[in-house]
file query-v9.pdb (PDB, C-alpha atoms and all ligand atoms)
ATOM      1  CA  MET A  16      37.823  66.470  -9.109  1.00  0.00           C
ATOM      2  CA  PRO A  17      34.431  65.914  -7.439  1.00  0.00           C
ATOM      3  CA  ASN A  18      31.604  68.409  -8.018  1.00  0.00           C
ATOM      4  CA  ARG A  19      31.717  71.327  -5.629  1.00  0.00           C
ATOM      5  CA  THR A  20      28.342  72.616  -4.399  1.00  0.00           C
ATOM      6  CA  VAL A  21      28.000  76.234  -3.276  1.00  0.00           C
ATOM      7  CA  ILE A  22      25.100  77.427  -1.116  1.00  0.00           C
ATOM      8  CA  THR A  23      24.012  80.974  -0.385  1.00  0.00           C
ATOM      9  CA  PHE A  24      21.048  82.629   1.317  1.00  0.00           C
ATOM     10  CA  GLY A  25      19.166  85.875   1.016  1.00  0.00           C
ATOM     11  CA  THR A  26      15.859  87.647   0.680  1.00  0.00           C
ATOM     12  CA  PHE A  27      16.673  89.046  -2.766  1.00  0.00           C
ATOM     13  CA  ASP A  28      13.728  91.471  -2.526  1.00  0.00           C
ATOM     14  CA  VAL A  29      13.437  94.131  -5.278  1.00  0.00           C
ATOM     15  CA  PHE A  30      16.109  92.230  -7.209  1.00  0.00           C
ATOM     16  CA  HIS A  31      19.064  94.436  -8.173  1.00  0.00           C
ATOM     17  CA  VAL A  32      22.642  94.345  -9.530  1.00  0.00           C
ATOM     18  CA  GLY A  33      24.187  93.691  -6.079  1.00  0.00           C
ATOM     19  CA  HIS A  34      22.154  90.471  -5.971  1.00  0.00           C
ATOM     20  CA  VAL A  35      23.215  89.506  -9.521  1.00  0.00           C
ATOM     21  CA  ARG A  36      26.886  90.008  -8.665  1.00  0.00           C
ATOM     22  CA  VAL A  37      26.921  88.085  -5.397  1.00  0.00           C
ATOM     23  CA  LEU A  38      25.163  85.149  -7.089  1.00  0.00           C
ATOM     24  CA  ALA A  39      27.535  85.219 -10.074  1.00  0.00           C
ATOM     25  CA  ARG A  40      30.590  85.326  -7.796  1.00  0.00           C
ATOM     26  CA  ALA A  41      29.167  82.550  -5.597  1.00  0.00           C
ATOM     27  CA  ALA A  42      28.564  80.376  -8.687  1.00  0.00           C
ATOM     28  CA  GLU A  43      32.200  80.823  -9.751  1.00  0.00           C
ATOM     29  CA  LEU A  44      33.363  79.173  -6.511  1.00  0.00           C
ATOM     30  CA  GLY A  45      31.923  75.783  -7.507  1.00  0.00           C
ATOM     31  CA  ASP A  46      30.074  73.641 -10.040  1.00  0.00           C
ATOM     32  CA  ARG A  47      26.540  73.921  -8.670  1.00  0.00           C
ATOM     33  CA  LEU A  48      24.789  76.832  -6.918  1.00  0.00           C
ATOM     34  CA  VAL A  49      21.940  76.293  -4.431  1.00  0.00           C
ATOM     35  CA  VAL A  50      20.078  79.346  -3.091  1.00  0.00           C
ATOM     36  CA  GLY A  51      18.006  79.515   0.092  1.00  0.00           C
ATOM     37  CA  VAL A  52      15.458  82.307  -0.345  1.00  0.00           C
ATOM     38  CA  SER A  53      14.294  83.782   2.969  1.00  0.00           C
ATOM     39  CA  ALA A  54      10.636  83.129   3.810  1.00  0.00           C
ATOM     40  CA  ASP A  55       8.298  86.107   4.164  1.00  0.00           C
ATOM     41  CA  ALA A  56       7.845  85.285   7.871  1.00  0.00           C
ATOM     42  CA  LEU A  57      11.634  85.211   8.415  1.00  0.00           C
ATOM     43  CA  ASN A  58      11.887  88.621   6.788  1.00  0.00           C
ATOM     44  CA  VAL A  59       9.230  90.100   9.048  1.00  0.00           C
ATOM     45  CA  ALA A  60      11.046  88.657  12.076  1.00  0.00           C
ATOM     46  CA  LYS A  61      14.464  89.897  10.859  1.00  0.00           C
ATOM     47  CA  LYS A  62      13.631  93.302   9.377  1.00  0.00           C
ATOM     48  CA  GLY A  63      10.257  94.171  10.870  1.00  0.00           C
ATOM     49  CA  ARG A  64       8.548  94.439   7.483  1.00  0.00           C
ATOM     50  CA  ALA A  65       7.185  92.179   4.784  1.00  0.00           C
ATOM     51  CA  PRO A  66       9.156  92.037   1.543  1.00  0.00           C
ATOM     52  CA  VAL A  67       7.795  93.908  -1.498  1.00  0.00           C
ATOM     53  CA  PHE A  68       7.722  90.665  -3.492  1.00  0.00           C
ATOM     54  CA  ASN A  69       6.393  87.578  -1.743  1.00  0.00           C
ATOM     55  CA  GLN A  70       8.451  84.401  -1.329  1.00  0.00           C
ATOM     56  CA  ASP A  71       6.889  82.622  -4.323  1.00  0.00           C
ATOM     57  CA  GLU A  72       7.726  85.571  -6.574  1.00  0.00           C
ATOM     58  CA  ARG A  73      11.261  85.881  -5.182  1.00  0.00           C
ATOM     59  CA  LEU A  74      11.784  82.128  -5.575  1.00  0.00           C
ATOM     60  CA  GLU A  75      10.598  82.344  -9.207  1.00  0.00           C
ATOM     61  CA  ILE A  76      12.997  85.221  -9.953  1.00  0.00           C
ATOM     62  CA  ILE A  77      16.020  83.452  -8.416  1.00  0.00           C
ATOM     63  CA  SER A  78      15.249  80.086 -10.026  1.00  0.00           C
ATOM     64  CA  SER A  79      15.091  81.738 -13.461  1.00  0.00           C
ATOM     65  CA  LEU A  80      18.770  82.803 -13.299  1.00  0.00           C
ATOM     66  CA  ALA A  81      21.266  80.865 -15.425  1.00  0.00           C
ATOM     67  CA  VAL A  82      23.835  80.689 -12.587  1.00  0.00           C
ATOM     68  CA  VAL A  83      21.341  79.125 -10.144  1.00  0.00           C
ATOM     69  CA  ASP A  84      20.808  75.346 -10.142  1.00  0.00           C
ATOM     70  CA  GLU A  85      18.430  74.849  -7.223  1.00  0.00           C
ATOM     71  CA  VAL A  86      16.312  76.975  -4.868  1.00  0.00           C
ATOM     72  CA  PHE A  87      14.416  76.397  -1.638  1.00  0.00           C
ATOM     73  CA  ILE A  88      12.740  78.506   1.058  1.00  0.00           C
ATOM     74  CA  GLU A  89      14.850  79.348   4.126  1.00  0.00           C
ATOM     75  CA  GLU A  90      12.502  79.289   7.122  1.00  0.00           C
ATOM     76  CA  SER A  91      15.023  80.001   9.890  1.00  0.00           C
ATOM     77  CA  LEU A  92      18.580  81.342  10.250  1.00  0.00           C
ATOM     78  CA  GLU A  93      19.228  78.751  12.972  1.00  0.00           C
ATOM     79  CA  ARG A  94      18.642  75.870  10.540  1.00  0.00           C
ATOM     80  CA  LYS A  95      21.573  76.875   8.325  1.00  0.00           C
ATOM     81  CA  LYS A  96      23.677  73.816   9.149  1.00  0.00           C
ATOM     82  CA  GLU A  97      20.777  71.482   8.367  1.00  0.00           C
ATOM     83  CA  TYR A  98      20.209  73.191   4.977  1.00  0.00           C
ATOM     84  CA  ILE A  99      23.926  72.947   4.163  1.00  0.00           C
ATOM     85  CA  VAL A 100      24.076  69.227   4.960  1.00  0.00           C
ATOM     86  CA  ASP A 101      20.738  68.410   3.244  1.00  0.00           C
ATOM     87  CA  HIS A 102      21.889  70.088   0.018  1.00  0.00           C
ATOM     88  CA  GLY A 103      25.371  68.564   0.136  1.00  0.00           C
ATOM     89  CA  ALA A 104      27.029  71.991   0.107  1.00  0.00           C
ATOM     90  CA  ASP A 105      30.831  72.252   0.315  1.00  0.00           C
ATOM     91  CA  VAL A 106      30.938  76.011   0.722  1.00  0.00           C
ATOM     92  CA  LEU A 107      28.626  78.665   2.213  1.00  0.00           C
ATOM     93  CA  VAL A 108      28.888  82.095   0.565  1.00  0.00           C
ATOM     94  CA  MET A 109      27.440  85.258   2.125  1.00  0.00           C
ATOM     95  CA  GLY A 110      27.910  88.981   1.568  1.00  0.00           C
ATOM     96  CA  ASP A 111      30.265  90.609   4.056  1.00  0.00           C
ATOM     97  CA  ASP A 112      27.405  92.391   5.825  1.00  0.00           C
ATOM     98  CA  TRP A 113      27.165  88.933   7.450  1.00  0.00           C
ATOM     99  CA  ALA A 114      30.935  88.647   8.126  1.00  0.00           C
ATOM    100  CA  GLY A 115      31.589  86.335  11.074  1.00  0.00           C
ATOM    101  CA  LYS A 116      27.882  85.658  11.669  1.00  0.00           C
ATOM    102  CA  PHE A 117      27.898  82.163  10.185  1.00  0.00           C
ATOM    103  CA  ASP A 118      31.348  80.948  11.254  1.00  0.00           C
ATOM    104  CA  TRP A 119      29.516  78.455  13.503  1.00  0.00           C
ATOM    105  CA  VAL A 120      28.790  76.249  10.454  1.00  0.00           C
ATOM    106  CA  SER A 121      32.469  75.928   9.548  1.00  0.00           C
ATOM    107  CA  ASP A 122      32.635  72.373  10.924  1.00  0.00           C
ATOM    108  CA  VAL A 123      30.323  71.201   8.096  1.00  0.00           C
ATOM    109  CA  CYS A 124      31.564  73.364   5.193  1.00  0.00           C
ATOM    110  CA  GLU A 125      33.898  76.147   4.153  1.00  0.00           C
ATOM    111  CA  VAL A 126      32.538  79.684   4.825  1.00  0.00           C
ATOM    112  CA  VAL A 127      33.305  82.596   2.470  1.00  0.00           C
ATOM    113  CA  TYR A 128      32.159  86.219   2.834  1.00  0.00           C
ATOM    114  CA  LEU A 129      32.231  88.294  -0.351  1.00  0.00           C
ATOM    115  CA  PRO A 130      32.415  92.098  -0.458  1.00  0.00           C
ATOM    116  CA  ARG A 131      29.034  93.746  -1.056  1.00  0.00           C
ATOM    117  CA  THR A 132      28.415  95.848  -4.149  1.00  0.00           C
ATOM    118  CA  PRO A 133      28.584  99.472  -2.929  1.00  0.00           C
ATOM    119  CA  SER A 134      25.748 102.029  -3.223  1.00  0.00           C
ATOM    120  CA  VAL A 135      22.817  99.727  -3.946  1.00  0.00           C
ATOM    121  CA  SER A 136      20.348  98.192  -1.501  1.00  0.00           C
ATOM    122  CA  THR A 137      16.720  97.097  -1.409  1.00  0.00           C
ATOM    123  CA  THR A 138      15.999  99.611   1.366  1.00  0.00           C
ATOM    124  CA  GLY A 139      17.604 102.421  -0.652  1.00  0.00           C
ATOM    125  CA  LEU A 140      15.570 101.461  -3.725  1.00  0.00           C
ATOM    126  CA  ILE A 141      12.307 101.392  -1.758  1.00  0.00           C
ATOM    127  CA  GLU A 142      13.085 104.872  -0.349  1.00  0.00           C
ATOM    128  CA  HIS A 143      14.031 106.155  -3.800  1.00  0.00           C
ATOM    129  CA  ILE A 144      10.850 104.815  -5.415  1.00  0.00           C
ATOM    130  CA  SER A 145       8.684 106.178  -2.559  1.00  0.00           C
ATOM    131  CA  SER A 146      10.222 109.630  -3.020  1.00  0.00           C
ATOM    132  CA  LEU A 147       9.102 109.698  -6.657  1.00  0.00           C
ATOM    133  CA  GLY A 148       5.582 110.201  -5.273  1.00  0.00           C
TER     134      GLY A 148
HETATM  135  N1  LIG B   1      24.285  91.950  -1.473  1.00  0.00           N
HETATM  136  C1  LIG B   1      25.457  92.436  -2.064  1.00  0.00           C
HETATM  137  N2  LIG B   1      25.529  93.761  -2.406  1.00  0.00           N
HETATM  138  C2  LIG B   1      24.488  94.593  -2.169  1.00  0.00           C
HETATM  139  C3  LIG B   1      23.311  94.109  -1.590  1.00  0.00           C
HETATM  140  C4  LIG B   1      23.237  92.759  -1.233  1.00  0.00           C
HETATM  141  O1  LIG B   1      26.442  91.695  -2.280  1.00  0.00           O
HETATM  142  N3  LIG B   1      24.626  95.875  -2.500  1.00  0.00           N
HETATM  143  C5  LIG B   1      24.232  90.529  -1.088  1.00  0.00           C
HETATM  144  C6  LIG B   1      24.086  90.322   0.423  1.00  0.00           C
HETATM  145  O2  LIG B   1      25.338  90.480   1.060  1.00  0.00           O
HETATM  146  C7  LIG B   1      23.551  88.906   0.479  1.00  0.00           C
HETATM  147  C8  LIG B   1      22.703  88.829  -0.810  1.00  0.00           C
HETATM  148  O3  LIG B   1      23.098  89.913  -1.638  1.00  0.00           O
HETATM  149  O4  LIG B   1      24.619  87.963   0.398  1.00  0.00           O
HETATM  150  C9  LIG B   1      21.219  88.935  -0.494  1.00  0.00           C
HETATM  151  O5  LIG B   1      21.009  90.131   0.204  1.00  0.00           O
HETATM  152  P1  LIG B   1      19.676  90.338   1.058  1.00  0.00           P
HETATM  153  O6  LIG B   1      18.511  90.041   0.218  1.00  0.00           O
HETATM  154  O7  LIG B   1      19.754  91.653   1.753  1.00  0.00           O
HETATM  155  O8  LIG B   1      19.822  89.146   2.090  1.00  0.00           O
HETATM  156  P2  LIG B   1      19.454  89.171   3.605  1.00  0.00           P
HETATM  157  O9  LIG B   1      18.080  89.723   3.797  1.00  0.00           O
HETATM  158  O10 LIG B   1      20.587  89.769   4.336  1.00  0.00           O
HETATM  159  O11 LIG B   1      19.278  87.621   3.919  1.00  0.00           O
HETATM  160  O12 LIG B   1      20.388  83.583   5.949  1.00  0.00           O
HETATM  161  C10 LIG B   1      20.764  84.889   5.706  1.00  0.00           C
HETATM  162  C11 LIG B   1      19.694  85.753   5.192  1.00  0.00           C
HETATM  163  O13 LIG B   1      18.681  85.050   4.544  1.00  0.00           O
HETATM  164  C12 LIG B   1      20.309  86.817   4.312  1.00  0.00           C
END

call {"tool": "encode", "arguments": {"input": "query-v9.pdb", "output": "structure tokens"}}
result
Amino acid sequence: MPNRTVITFGTFDVFHVGHVRVLARAAELGDRLVVGVSADALNVAKKGRAPVFNQDERLEIISSLAVVDEVFIEESLERKKEYIVDHGADVLVMGDDWAGKFDWVSDVCEVVYLPRTPSVSTTGLIEHISSLG
């Protein structure tokens, strides 16, 4: 059977167990996992704030994980198809907070949405840490 390449995308800011689990489950769907880490500028455009950890730091964290084979910076959500083709991905995996949002790439690869890990989020962690004073 030929090697199956999985691709996923995310900011992965304030790295937490929900991130670990989605990456581990994505890796199980193939032989090689490629991760597009959202650029700082994309995050500002998408969420209206800069990430806590900058893109070089987030890239370093993600590339250090045993389940991850390759990383790159995702500059734009609209370029998803180009990233998928350039990295030879057979399947796009996203958390189900994105359910339906990337079905438009399904002519170039399979699209899978995985359930999110409940009760943990970067925003929640930032609020929690801020409240510690
Ligand atoms: N995630 C999860 N469970 C959580 C939190 C996050 O499964 N409790 C998943 C998300 O569904 C996503 C990945 O972890 O698949 C990364 O989450 P974010 O860093 O929030 O990613 P986001 O900013 O939504 O960027 O091209 C798409 C974007 O780059 C996705």

call {"tool": "resolve_selection", "arguments": {"input": "query-v9.pdb", "expression": "the PyMOL selection byres (((not hetatm)) within 6 of (chain B and resi 1))", "output": "ChimeraX atom specification"}}
result
/A:24-28,33-34,37,53,92,109-112,131-133,135-136

call {"tool": "residues_near_point", "arguments": {"input": "query-v9.pdb", "point": "(21.9, 78.8, 11.8)", "cutoff": "12 Å", "atoms": "only C-alpha atoms", "output": "list in words"}}
result
Phe24, Glu89, Glu90, Ser91, Leu92, Glu93, Arg94, Lys95, Lys96, Glu97, Tyr98, Ile99, Val100, Leu107, Lys116, Phe117, Asp118, Trp119, Val120, Ser121 and Val123 of chain A

call {"tool": "resolve_selection", "arguments": {"input": "query-v9.pdb", "expression": "the PyMOL selection byres (((chain A and resi 74) around 9) and not hetatm)", "output": "PDB file with C-alpha atoms, keeping the file's coordinate frame"}}
result
ATOM      1  CA  PHE A  27      16.673  89.046  -2.766  1.00  0.00           C
ATOM      2  CA  GLY A  51      18.006  79.515   0.092  1.00  0.00           C
ATOM      3  CA  VAL A  52      15.458  82.307  -0.345  1.00  0.00           C
ATOM      4  CA  ASN A  69       6.393  87.578  -1.743  1.00  0.00           C
ATOM      5  CA  GLN A  70       8.451  84.401  -1.329  1.00  0.00           C
ATOM      6  CA  ASP A  71       6.889  82.622  -4.323  1.00  0.00           C
ATOM      7  CA  GLU A  72       7.726  85.571  -6.574  1.00  0.00           C
ATOM      8  CA  ARG A  73      11.261  85.881  -5.182  1.00  0.00           C
ATOM      9  CA  GLU A  75      10.598  82.344  -9.207  1.00  0.00           C
ATOM     10  CA  ILE A  76      12.997  85.221  -9.953  1.00  0.00           C
ATOM     11  CA  ILE A  77      16.020  83.452  -8.416  1.00  0.00           C
ATOM     12  CA  SER A  78      15.249  80.086 -10.026  1.00  0.00           C
ATOM     13  CA  SER A  79      15.091  81.738 -13.461  1.00  0.00           C
ATOM     14  CA  VAL A  86      16.312  76.975  -4.868  1.00  0.00           C
ATOM     15  CA  PHE A  87      14.416  76.397  -1.638  1.00  0.00           C
ATOM     16  CA  ILE A  88      12.740  78.506   1.058  1.00  0.00           C
TER      17      ILE A  88
END

call {"tool": "atom_distance", "arguments": {"input": "query-v9.pdb", "atom1": "CA of Val126 (chain A)", "atom2": "CA of Val106 (chain A)"}}
result
5.7 Å

call {"tool": "atom_distance", "arguments": {"input": "query-v9.pdb", "atom1": "CA of Glu43 (chain A)", "atom2": "CA of Pro130 (chain A)"}}
result
14.6 Å

call {"tool": "atom_distance", "arguments": {"input": "query-v9.pdb", "atom1": "CA of Leu57 (chain A)", "atom2": "CA of Leu80 (chain A)"}}
result
23.0 Å

call {"tool": "resolve_selection", "arguments": {"input": "query-v9.pdb", "expression": "the PyMOL selection byres (((chain A and resi 44) around 10) and not hetatm)", "output": "ChimeraX atom specification"}}
result
/A:19-21,39-43,45-48,106-108,127

call {"tool": "axis_aligned_box", "arguments": {"input": "query-v9.pdb", "around": "region 96-103 of chain A", "padding_each_side": "5 Å", "output": "lines of an AutoDock Vina configuration file"}}
result
center_x = 22.8
center_y = 71.1
center_z = 4.6
size_x = 15.2
size_y = 15.4
size_z = 19.1

call {"tool": "closest_residue", "arguments": {"input": "query-v9.pdb", "among": "A:Ser145, A:Cys124, A:Val49, A:Leu140", "to": "His31 (chain A)", "atoms": "all atoms listed in the file"}}
result
A:Leu140

call {"tool": "closest_residue", "arguments": {"input": "query-v9.pdb", "among": "A:Asn58, A:Glu85, A:Val67, A:Val32", "to": "Ala104 (chain A)", "atoms": "only C-alpha atoms"}}
result
A:Glu85

call {"tool": "closest_residue", "arguments": {"input": "query-v9.pdb", "among": "A:Ala54, A:Ala114, A:Ile144, A:Val83", "to": "Leu129 (chain A)", "atoms": "only C-alpha atoms"}}
result
A:Ala114

call {"tool": "build_atoms", "arguments": {"input": "query-v9.pdb", "residues": "region 51-77 of chain A", "atoms": "N, CA and C atoms", "output": "PDB file, in the frame of the given file"}}
result
ATOM      1  N   GLY A  51      19.088  79.501  -0.891  1.00  0.00           N
ATOM      2  CA  GLY A  51      18.006  79.515   0.092  1.00  0.00           C
ATOM      3  C   GLY A  51      17.405  80.914   0.108  1.00  0.00           C
ATOM      4  N   VAL A  52      16.147  81.017  -0.287  1.00  0.00           N
ATOM      5  CA  VAL A  52      15.458  82.307  -0.345  1.00  0.00           C
ATOM      6  C   VAL A  52      14.658  82.483   0.949  1.00  0.00           C
ATOM      7  N   SER A  53      14.924  83.573   1.661  1.00  0.00           N
ATOM      8  CA  SER A  53      14.294  83.782   2.969  1.00  0.00           C
ATOM      9  C   SER A  53      12.776  83.837   2.866  1.00  0.00           C
ATOM     10  N   ALA A  54      12.101  83.114   3.759  1.00  0.00           N
ATOM     11  CA  ALA A  54      10.636  83.129   3.810  1.00  0.00           C
ATOM     12  C   ALA A  54      10.131  84.518   4.190  1.00  0.00           C
ATOM     13  N   ASP A  55       8.908  84.822   3.790  1.00  0.00           N
ATOM     14  CA  ASP A  55       8.298  86.107   4.164  1.00  0.00           C
ATOM     15  C   ASP A  55       8.296  86.278   5.687  1.00  0.00           C
ATOM     16  N   ALA A  56       7.930  85.203   6.398  1.00  0.00           N
ATOM     17  CA  ALA A  56       7.845  85.285   7.871  1.00  0.00           C
ATOM     18  C   ALA A  56       9.220  85.557   8.489  1.00  0.00           C
ATOM     19  N   LEU A  57      10.272  84.975   7.911  1.00  0.00           N
ATOM     20  CA  LEU A  57      11.634  85.211   8.415  1.00  0.00           C
ATOM     21  C   LEU A  57      12.019  86.675   8.206  1.00  0.00           C
ATOM     22  N   ASN A  58      11.592  87.224   7.077  1.00  0.00           N
ATOM     23  CA  ASN A  58      11.887  88.621   6.788  1.00  0.00           C
ATOM     24  C   ASN A  58      11.207  89.563   7.770  1.00  0.00           C
ATOM     25  N   VAL A  59       9.963  89.271   8.083  1.00  0.00           N
ATOM     26  CA  VAL A  59       9.230  90.100   9.048  1.00  0.00           C
ATOM     27  C   VAL A  59       9.943  90.035  10.394  1.00  0.00           C
ATOM     28  N   ALA A  60      10.360  88.821  10.793  1.00  0.00           N
ATOM     29  CA  ALA A  60      11.046  88.657  12.076  1.00  0.00           C
ATOM     30  C   ALA A  60      12.392  89.393  12.079  1.00  0.00           C
ATOM     31  N   LYS A  61      13.116  89.342  10.959  1.00  0.00           N
ATOM     32  CA  LYS A  61      14.464  89.897  10.859  1.00  0.00           C
ATOM     33  C   LYS A  61      14.470  91.408  10.659  1.00  0.00           C
ATOM     34  N   LYS A  62      13.569  91.900   9.795  1.00  0.00           N
ATOM     35  CA  LYS A  62      13.631  93.302   9.377  1.00  0.00           C
ATOM     36  C   LYS A  62      12.415  94.116   9.787  1.00  0.00           C
ATOM     37  N   GLY A  63      11.427  93.453  10.394  1.00  0.00           N
ATOM     38  CA  GLY A  63      10.257  94.171  10.870  1.00  0.00           C
ATOM     39  C   GLY A  63       9.319  94.637   9.763  1.00  0.00           C
ATOM     40  N   ARG A  64       9.506  94.130   8.548  1.00  0.00           N
ATOM     41  CA  ARG A  64       8.548  94.439   7.483  1.00  0.00           C
ATOM     42  C   ARG A  64       8.488  93.297   6.480  1.00  0.00           C
ATOM     43  N   ALA A  65       7.333  93.213   5.803  1.00  0.00           N
ATOM     44  CA  ALA A  65       7.185  92.179   4.784  1.00  0.00           C
ATOM     45  C   ALA A  65       7.949  92.610   3.537  1.00  0.00           C
ATOM     46  N   PRO A  66       8.490  91.660   2.792  1.00  0.00           N
ATOM     47  CA  PRO A  66       9.156  92.037   1.543  1.00  0.00           C
ATOM     48  C   PRO A  66       8.159  92.604   0.534  1.00  0.00           C
ATOM     49  N   VAL A  67       8.651  93.365  -0.434  1.00  0.00           N
ATOM     50  CA  VAL A  67       7.795  93.908  -1.498  1.00  0.00           C
ATOM     51  C   VAL A  67       7.248  92.751  -2.344  1.00  0.00           C
ATOM     52  N   PHE A  68       8.129  91.843  -2.716  1.00  0.00           N
ATOM     53  CA  PHE A  68       7.722  90.665  -3.492  1.00  0.00           C
ATOM     54  C   PHE A  68       7.630  89.468  -2.546  1.00  0.00           C
ATOM     55  N   ASN A  69       6.548  88.688  -2.676  1.00  0.00           N
ATOM     56  CA  ASN A  69       6.393  87.578  -1.743  1.00  0.00           C
ATOM     57  C   ASN A  69       7.358  86.426  -2.073  1.00  0.00           C
ATOM     58  N   GLN A  70       7.420  85.446  -1.187  1.00  0.00           N
ATOM     59  CA  GLN A  70       8.451  84.401  -1.329  1.00  0.00           C
ATOM     60  C   GLN A  70       8.297  83.577  -2.607  1.00  0.00           C
ATOM     61  N   ASP A  71       7.074  83.381  -3.069  1.00  0.00           N
ATOM     62  CA  ASP A  71       6.889  82.622  -4.323  1.00  0.00           C
ATOM     63  C   ASP A  71       7.444  83.411  -5.505  1.00  0.00           C
ATOM     64  N   GLU A  72       7.206  84.719  -5.490  1.00  0.00           N
ATOM     65  CA  GLU A  72       7.726  85.571  -6.574  1.00  0.00           C
ATOM     66  C   GLU A  72       9.245  85.637  -6.522  1.00  0.00           C
ATOM     67  N   ARG A  73       9.799  85.785  -5.310  1.00  0.00           N
ATOM     68  CA  ARG A  73      11.261  85.881  -5.182  1.00  0.00           C
ATOM     69  C   ARG A  73      11.932  84.557  -5.564  1.00  0.00           C
ATOM     70  N   LEU A  74      11.268  83.452  -5.201  1.00  0.00           N
ATOM     71  CA  LEU A  74      11.784  82.128  -5.575  1.00  0.00           C
ATOM     72  C   LEU A  74      11.778  81.969  -7.106  1.00  0.00           C
ATOM     73  N   GLU A  75      10.715  82.449  -7.738  1.00  0.00           N
ATOM     74  CA  GLU A  75      10.598  82.344  -9.207  1.00  0.00           C
ATOM     75  C   GLU A  75      11.692  83.166  -9.899  1.00  0.00           C
ATOM     76  N   ILE A  76      11.953  84.360  -9.373  1.00  0.00           N
ATOM     77  CA  ILE A  76      12.997  85.221  -9.953  1.00  0.00           C
ATOM     78  C   ILE A  76      14.361  84.529  -9.842  1.00  0.00           C
ATOM     79  N   ILE A  77      14.697  84.055  -8.641  1.00  0.00           N
ATOM     80  CA  ILE A  77      16.020  83.452  -8.416  1.00  0.00           C
ATOM     81  C   ILE A  77      16.179  82.164  -9.227  1.00  0.00           C
TER      82      ILE A  77
END
